[in-house]
>>> print(open('data.pdb').read())   # PDB, C-alpha atoms, pLDDT in the B column
MODEL        1
ATOM      1  CA  MET E   1     -17.809  30.885  -0.184  1.00 71.00           C
ATOM      2  CA  PRO E   2     -15.796  28.430   1.973  1.00 74.00           C
ATOM      3  CA  ALA E   3     -13.586  25.862   0.290  1.00 74.00           C
ATOM      4  CA  GLU E   4     -14.863  22.338  -0.169  1.00 80.00           C
ATOM      5  CA  ASP E   5     -13.717  19.820   2.442  1.00 75.00           C
ATOM      6  CA  TRP E   6     -11.316  17.993   0.131  1.00 69.00           C
ATOM      7  CA  LYS E   7      -9.617  21.266  -0.764  1.00 75.00           C
ATOM      8  CA  ARG E   8      -8.874  22.061   2.891  1.00 81.00           C
ATOM      9  CA  VAL E   9      -6.377  19.202   3.286  1.00 82.00           C
ATOM     10  CA  ASN E  10      -2.954  20.216   4.577  1.00 87.00           C
ATOM     11  CA  LEU E  11      -0.696  18.445   2.065  1.00 87.00           C
ATOM     12  CA  THR E  12       2.396  18.546   4.296  1.00 92.00           C
ATOM     13  CA  ARG E  13       0.582  16.880   7.190  1.00 93.00           C
ATOM     14  CA  LEU E  14      -0.934  14.294   4.842  1.00 89.00           C
ATOM     15  CA  ILE E  15       2.484  13.354   3.453  1.00 92.00           C
ATOM     16  CA  LEU E  16       3.963  13.147   6.958  1.00 96.00           C
ATOM     17  CA  TRP E  17       1.039  10.950   8.055  1.00 94.00           C
ATOM     18  CA  VAL E  18       1.536   8.559   5.118  1.00 93.00           C
ATOM     19  CA  VAL E  19       5.321   8.400   5.606  1.00 95.00           C
ATOM     20  CA  PHE E  20       4.951   7.826   9.367  1.00 97.00           C
ATOM     21  CA  TRP E  21       2.582   4.892   8.911  1.00 96.00           C
ATOM     22  CA  ALA E  22       4.586   3.414   6.056  1.00 96.00           C
ATOM     23  CA  VAL E  23       7.721   3.421   8.227  1.00 96.00           C
ATOM     24  CA  ALA E  24       5.741   2.054  11.202  1.00 96.00           C
ATOM     25  CA  VAL E  25       4.282  -0.819   9.170  1.00 95.00           C
ATOM     26  CA  ILE E  26       7.657  -1.657   7.648  1.00 95.00           C
ATOM     27  CA  GLY E  27       9.303  -1.551  11.084  1.00 95.00           C
ATOM     28  CA  ILE E  28       6.679  -3.761  12.730  1.00 94.00           C
ATOM     29  CA  GLY E  29       6.638  -6.180   9.794  1.00 90.00           C
ATOM     30  CA  SER E  30      10.390  -6.578   9.748  1.00 90.00           C
ATOM     31  CA  GLN E  31      11.219  -6.439  13.459  1.00 91.00           C
ATOM     32  CA  VAL E  32       8.208  -7.857  15.296  1.00 90.00           C
ATOM     33  CA  LEU E  33       6.907 -10.237  12.638  1.00 84.00           C
ATOM     34  CA  ALA E  34      10.419 -11.189  11.428  1.00 83.00           C
ATOM     35  CA  GLN E  35       9.645 -10.686   7.739  1.00 85.00           C
ATOM     36  CA  PRO E  36      12.328  -9.633   5.268  1.00 86.00           C
ATOM     37  CA  ILE E  37      12.379  -5.855   5.053  1.00 90.00           C
ATOM     38  CA  TRP E  38      12.548  -6.017   1.248  1.00 87.00           C
ATOM     39  CA  PHE E  39       9.171  -7.810   1.009  1.00 85.00           C
ATOM     40  CA  VAL E  40       7.472  -5.594   3.576  1.00 89.00           C
ATOM     41  CA  THR E  41       8.681  -2.496   1.738  1.00 92.00           C
ATOM     42  CA  ALA E  42       7.521  -3.929  -1.591  1.00 89.00           C
ATOM     43  CA  ALA E  43       4.118  -4.732  -0.085  1.00 86.00           C
ATOM     44  CA  VAL E  44       3.719  -1.199   1.303  1.00 91.00           C
ATOM     45  CA  ALA E  45       4.697   0.265  -2.083  1.00 91.00           C
ATOM     46  CA  LEU E  46       2.183  -1.970  -3.864  1.00 86.00           C
ATOM     47  CA  VAL E  47      -0.553  -1.018  -1.405  1.00 84.00           C
ATOM     48  CA  PHE E  48       0.204   2.657  -2.017  1.00 86.00           C
ATOM     49  CA  LEU E  49       0.019   2.088  -5.779  1.00 83.00           C
ATOM     50  CA  PHE E  50      -3.246   0.157  -5.572  1.00 80.00           C
ATOM     51  CA  VAL E  51      -4.852   2.755  -3.304  1.00 79.00           C
ATOM     52  CA  LEU E  52      -3.976   5.442  -5.846  1.00 79.00           C
ATOM     53  CA  VAL E  53      -5.363   3.345  -8.698  1.00 74.00           C
ATOM     54  CA  ASN E  54      -8.530   2.605  -6.745  1.00 71.00           C
ATOM     55  CA  GLY E  55      -8.986   6.289  -5.917  1.00 68.00           C
ATOM     56  CA  ILE E  56      -8.584   7.291  -9.541  1.00 65.00           C
ATOM     57  CA  SER E  57     -10.914   4.487 -10.645  1.00 63.00           C
ATOM     58  CA  ALA E  58     -13.573   5.498  -8.129  1.00 62.00           C
ATOM     59  CA  GLY E  59     -13.490   9.005  -9.555  1.00 61.00           C
ATOM     60  CA  ILE E  60     -13.871   7.776 -13.136  1.00 62.00           C
ATOM     61  CA  SER E  61     -16.242   4.816 -12.892  1.00 60.00           C
ATOM     62  CA  ASP E  62     -17.984   2.550 -10.414  1.00 61.00           C
ATOM     63  CA  SER E  63     -15.606  -0.384 -10.902  1.00 62.00           C
ATOM     64  CA  ASN E  64     -13.205  -1.523  -8.189  1.00 61.00           C
ATOM     65  CA  PRO E  65      -9.893  -2.932  -9.506  1.00 60.00           C
ATOM     66  CA  ILE E  66      -8.530  -3.874  -6.060  1.00 60.00           C
ATOM     67  CA  SER E  67     -10.023  -7.378  -6.127  1.00 62.00           C
ATOM     68  CA  SER E  68      -8.145  -8.129  -9.352  1.00 65.00           C
ATOM     69  CA  ALA E  69      -4.874  -6.831  -7.878  1.00 70.00           C
ATOM     70  CA  VAL E  70      -4.198  -9.965  -5.819  1.00 70.00           C
ATOM     71  CA  ALA E  71      -2.755 -11.969  -8.725  1.00 72.00           C
ATOM     72  CA  PRO E  72      -0.260  -9.266  -9.805  1.00 76.00           C
ATOM     73  CA  VAL E  73       0.911  -8.908  -6.187  1.00 74.00           C
ATOM     74  CA  VAL E  74       1.599 -12.644  -5.970  1.00 74.00           C
ATOM     75  CA  PHE E  75       3.529 -12.568  -9.265  1.00 78.00           C
ATOM     76  CA  ILE E  76       5.507  -9.456  -8.297  1.00 79.00           C
ATOM     77  CA  LEU E  77       6.471 -10.825  -4.874  1.00 76.00           C
ATOM     78  CA  ALA E  78       7.339 -14.201  -6.409  1.00 78.00           C
ATOM     79  CA  ALA E  79       9.549 -12.439  -8.954  1.00 82.00           C
ATOM     80  CA  LEU E  80      11.286 -10.687  -6.057  1.00 78.00           C
ATOM     81  CA  GLY E  81      12.054 -14.087  -4.528  1.00 77.00           C
ATOM     82  CA  LEU E  82       9.210 -14.756  -2.087  1.00 69.00           C
ATOM     83  CA  ARG E  83       8.920 -18.409  -1.207  1.00 65.00           C
ATOM     84  CA  ILE E  84       6.070 -20.051   0.662  1.00 63.00           C
ATOM     85  CA  ARG E  85       7.162 -22.182   3.573  1.00 63.00           C
ATOM     86  CA  ALA E  86       5.063 -25.102   4.717  1.00 56.00           C
ATOM     87  CA  TRP E  87       4.218 -25.223   8.410  1.00 57.00           C
ATOM     88  CA  ALA E  88       6.049 -28.136   9.957  1.00 49.00           C
TER      89      ALA E  88
ENDMDL
END
>>> encode(input="data.pdb", output="structure tokens")
Amino acid sequence: MPAEDWKRVNLTRLILWVVFWAVAVIGIGSQVLAQPIWFVTAAVALVFLFVLVNGISAGISDSNPISSAVAPVVFILAALGLRIRAWA
């Protein structure tokens, strides 16, 4: 009996894929978009956390907690020192 599709994932390649795109997003956000690297890194870490939570939640129930994650992100980034600048 062949293994189920989700069991055939190469974990090393998956981790490399996630790390590559995390570094790429952080690099583009900080260099091209001129955002502070600290906030871009925090945002990528929060996205990773929320994707894990959403994946676990989808396996347990039909609820989706991602929509309620916006407020904690704003509070976390504000606690880290994010300030909103008005367009002049």
>>> closest_residue(input="data.pdb", among="E:Ala43, E:Val18, E:Gly81, E:Met1", to="E:Ser30", atoms="all atoms listed in the file")
E:Ala43
>>> residues_around(input="data.pdb", residues="stretch 25-27 of chain E", least_positions_apart="3", cutoff="9 Å", atoms="only C-alpha atoms", output="short mmCIF file (atom, residue, chain, number, x, y, z; two decimals) with C-alpha atoms, keeping the file's coordinate frame")
data_model
loop_
_atom_site.label_atom_id
_atom_site.label_comp_id
_atom_site.auth_asym_id
_atom_site.auth_seq_id
_atom_site.Cartn_x
_atom_site.Cartn_y
_atom_site.Cartn_z
CA PHE E 20 4.95 7.83 9.37
CA TRP E 21 2.58 4.89 8.91
CA ALA E 22 4.59 3.41 6.06
CA SER E 30 10.39 -6.58 9.75
CA GLN E 31 11.22 -6.44 13.46
CA VAL E 32 8.21 -7.86 15.30
CA ILE E 37 12.38 -5.86 5.05
CA VAL E 40 7.47 -5.59 3.58
CA THR E 41 8.68 -2.50 1.74
CA VAL E 44 3.72 -1.20 1.30
#
>>> atom_distance(input="data.pdb", atom1="atom CA of E:Phe39", atom2="atom CA of E:Ile76")
10.1 Å
>>> closest_residue(input="data.pdb", among="E:Val73, E:Ala34, E:Leu16, E:Ile28", to="E:Leu46", atoms="all atoms listed in the file")
E:Val73
>>> atom_distance(input="data.pdb", atom1="atom CA of E:Lys7", atom2="atom CA of E:Phe48")
21.1 Å
>>> atom_distance(input="data.pdb", atom1="atom CA of E:Ala69", atom2="atom CA of E:Ala42")
14.2 Å
>>> closest_residue(input="data.pdb", among="E:Phe50, E:Pro2, E:Leu11, E:Trp38", to="E:Leu80", atoms="all atoms listed in the file")
E:Trp38
>>> decode(input="data.pdb", residues="stretch 11-53 of chain E", atoms="C-alpha atoms", output="short mmCIF file (atom, residue, chain, number, x, y, z; two decimals), in the first residue's frame")
data_model
loop_
_atom_site.label_atom_id
_atom_site.label_comp_id
_atom_site.auth_asym_id
_atom_site.auth_seq_id
_atom_site.Cartn_x
_atom_site.Cartn_y
_atom_site.Cartn_z
CA LEU E 11 11.04 17.38 5.36
CA THR E 12 14.51 18.70 4.50
CA ARG E 13 13.32 20.24 1.24
CA LEU E 14 10.26 21.71 2.98
CA ILE E 15 12.40 23.38 5.64
CA LEU E 16 14.80 24.73 3.00
CA TRP E 17 11.84 26.06 1.00
CA VAL E 18 10.40 27.86 4.04
CA VAL E 19 13.78 29.30 5.07
CA PHE E 20 14.53 30.45 1.51
CA TRP E 21 11.25 32.34 1.19
CA ALA E 22 11.48 33.79 4.69
CA VAL E 23 14.93 35.19 3.91
CA ALA E 24 13.73 36.42 0.49
CA VAL E 25 10.73 38.23 1.97
CA ILE E 26 12.82 39.77 4.74
CA GLY E 27 15.46 40.87 2.21
CA ILE E 28 12.94 42.42 -0.18
CA GLY E 29 11.02 44.08 2.65
CA SER E 30 14.11 45.62 4.18
CA GLN E 31 16.14 46.48 1.08
CA VAL E 32 13.64 47.21 -1.69
CA LEU E 33 10.74 48.49 0.40
CA ALA E 34 13.02 50.24 2.94
CA GLN E 35 11.28 48.80 5.99
CA PRO E 36 13.14 48.18 9.24
CA ILE E 37 14.50 44.65 9.22
CA TRP E 38 13.29 44.10 12.80
CA PHE E 39 9.62 44.66 11.82
CA VAL E 40 9.84 42.57 8.66
CA THR E 41 11.39 39.71 10.62
CA ALA E 42 8.73 40.02 13.32
CA ALA E 43 6.00 40.00 10.67
CA VAL E 44 7.42 36.86 9.01
CA ALA E 45 7.65 35.14 12.41
CA LEU E 46 4.05 36.08 13.22
CA VAL E 47 2.86 34.82 9.83
CA PHE E 48 4.65 31.52 10.46
CA LEU E 49 3.00 31.25 13.88
CA PHE E 50 -0.46 32.06 12.55
CA VAL E 51 -0.13 29.59 9.67
CA LEU E 52 0.75 26.87 12.18
CA VAL E 53 -2.19 27.82 14.40
#
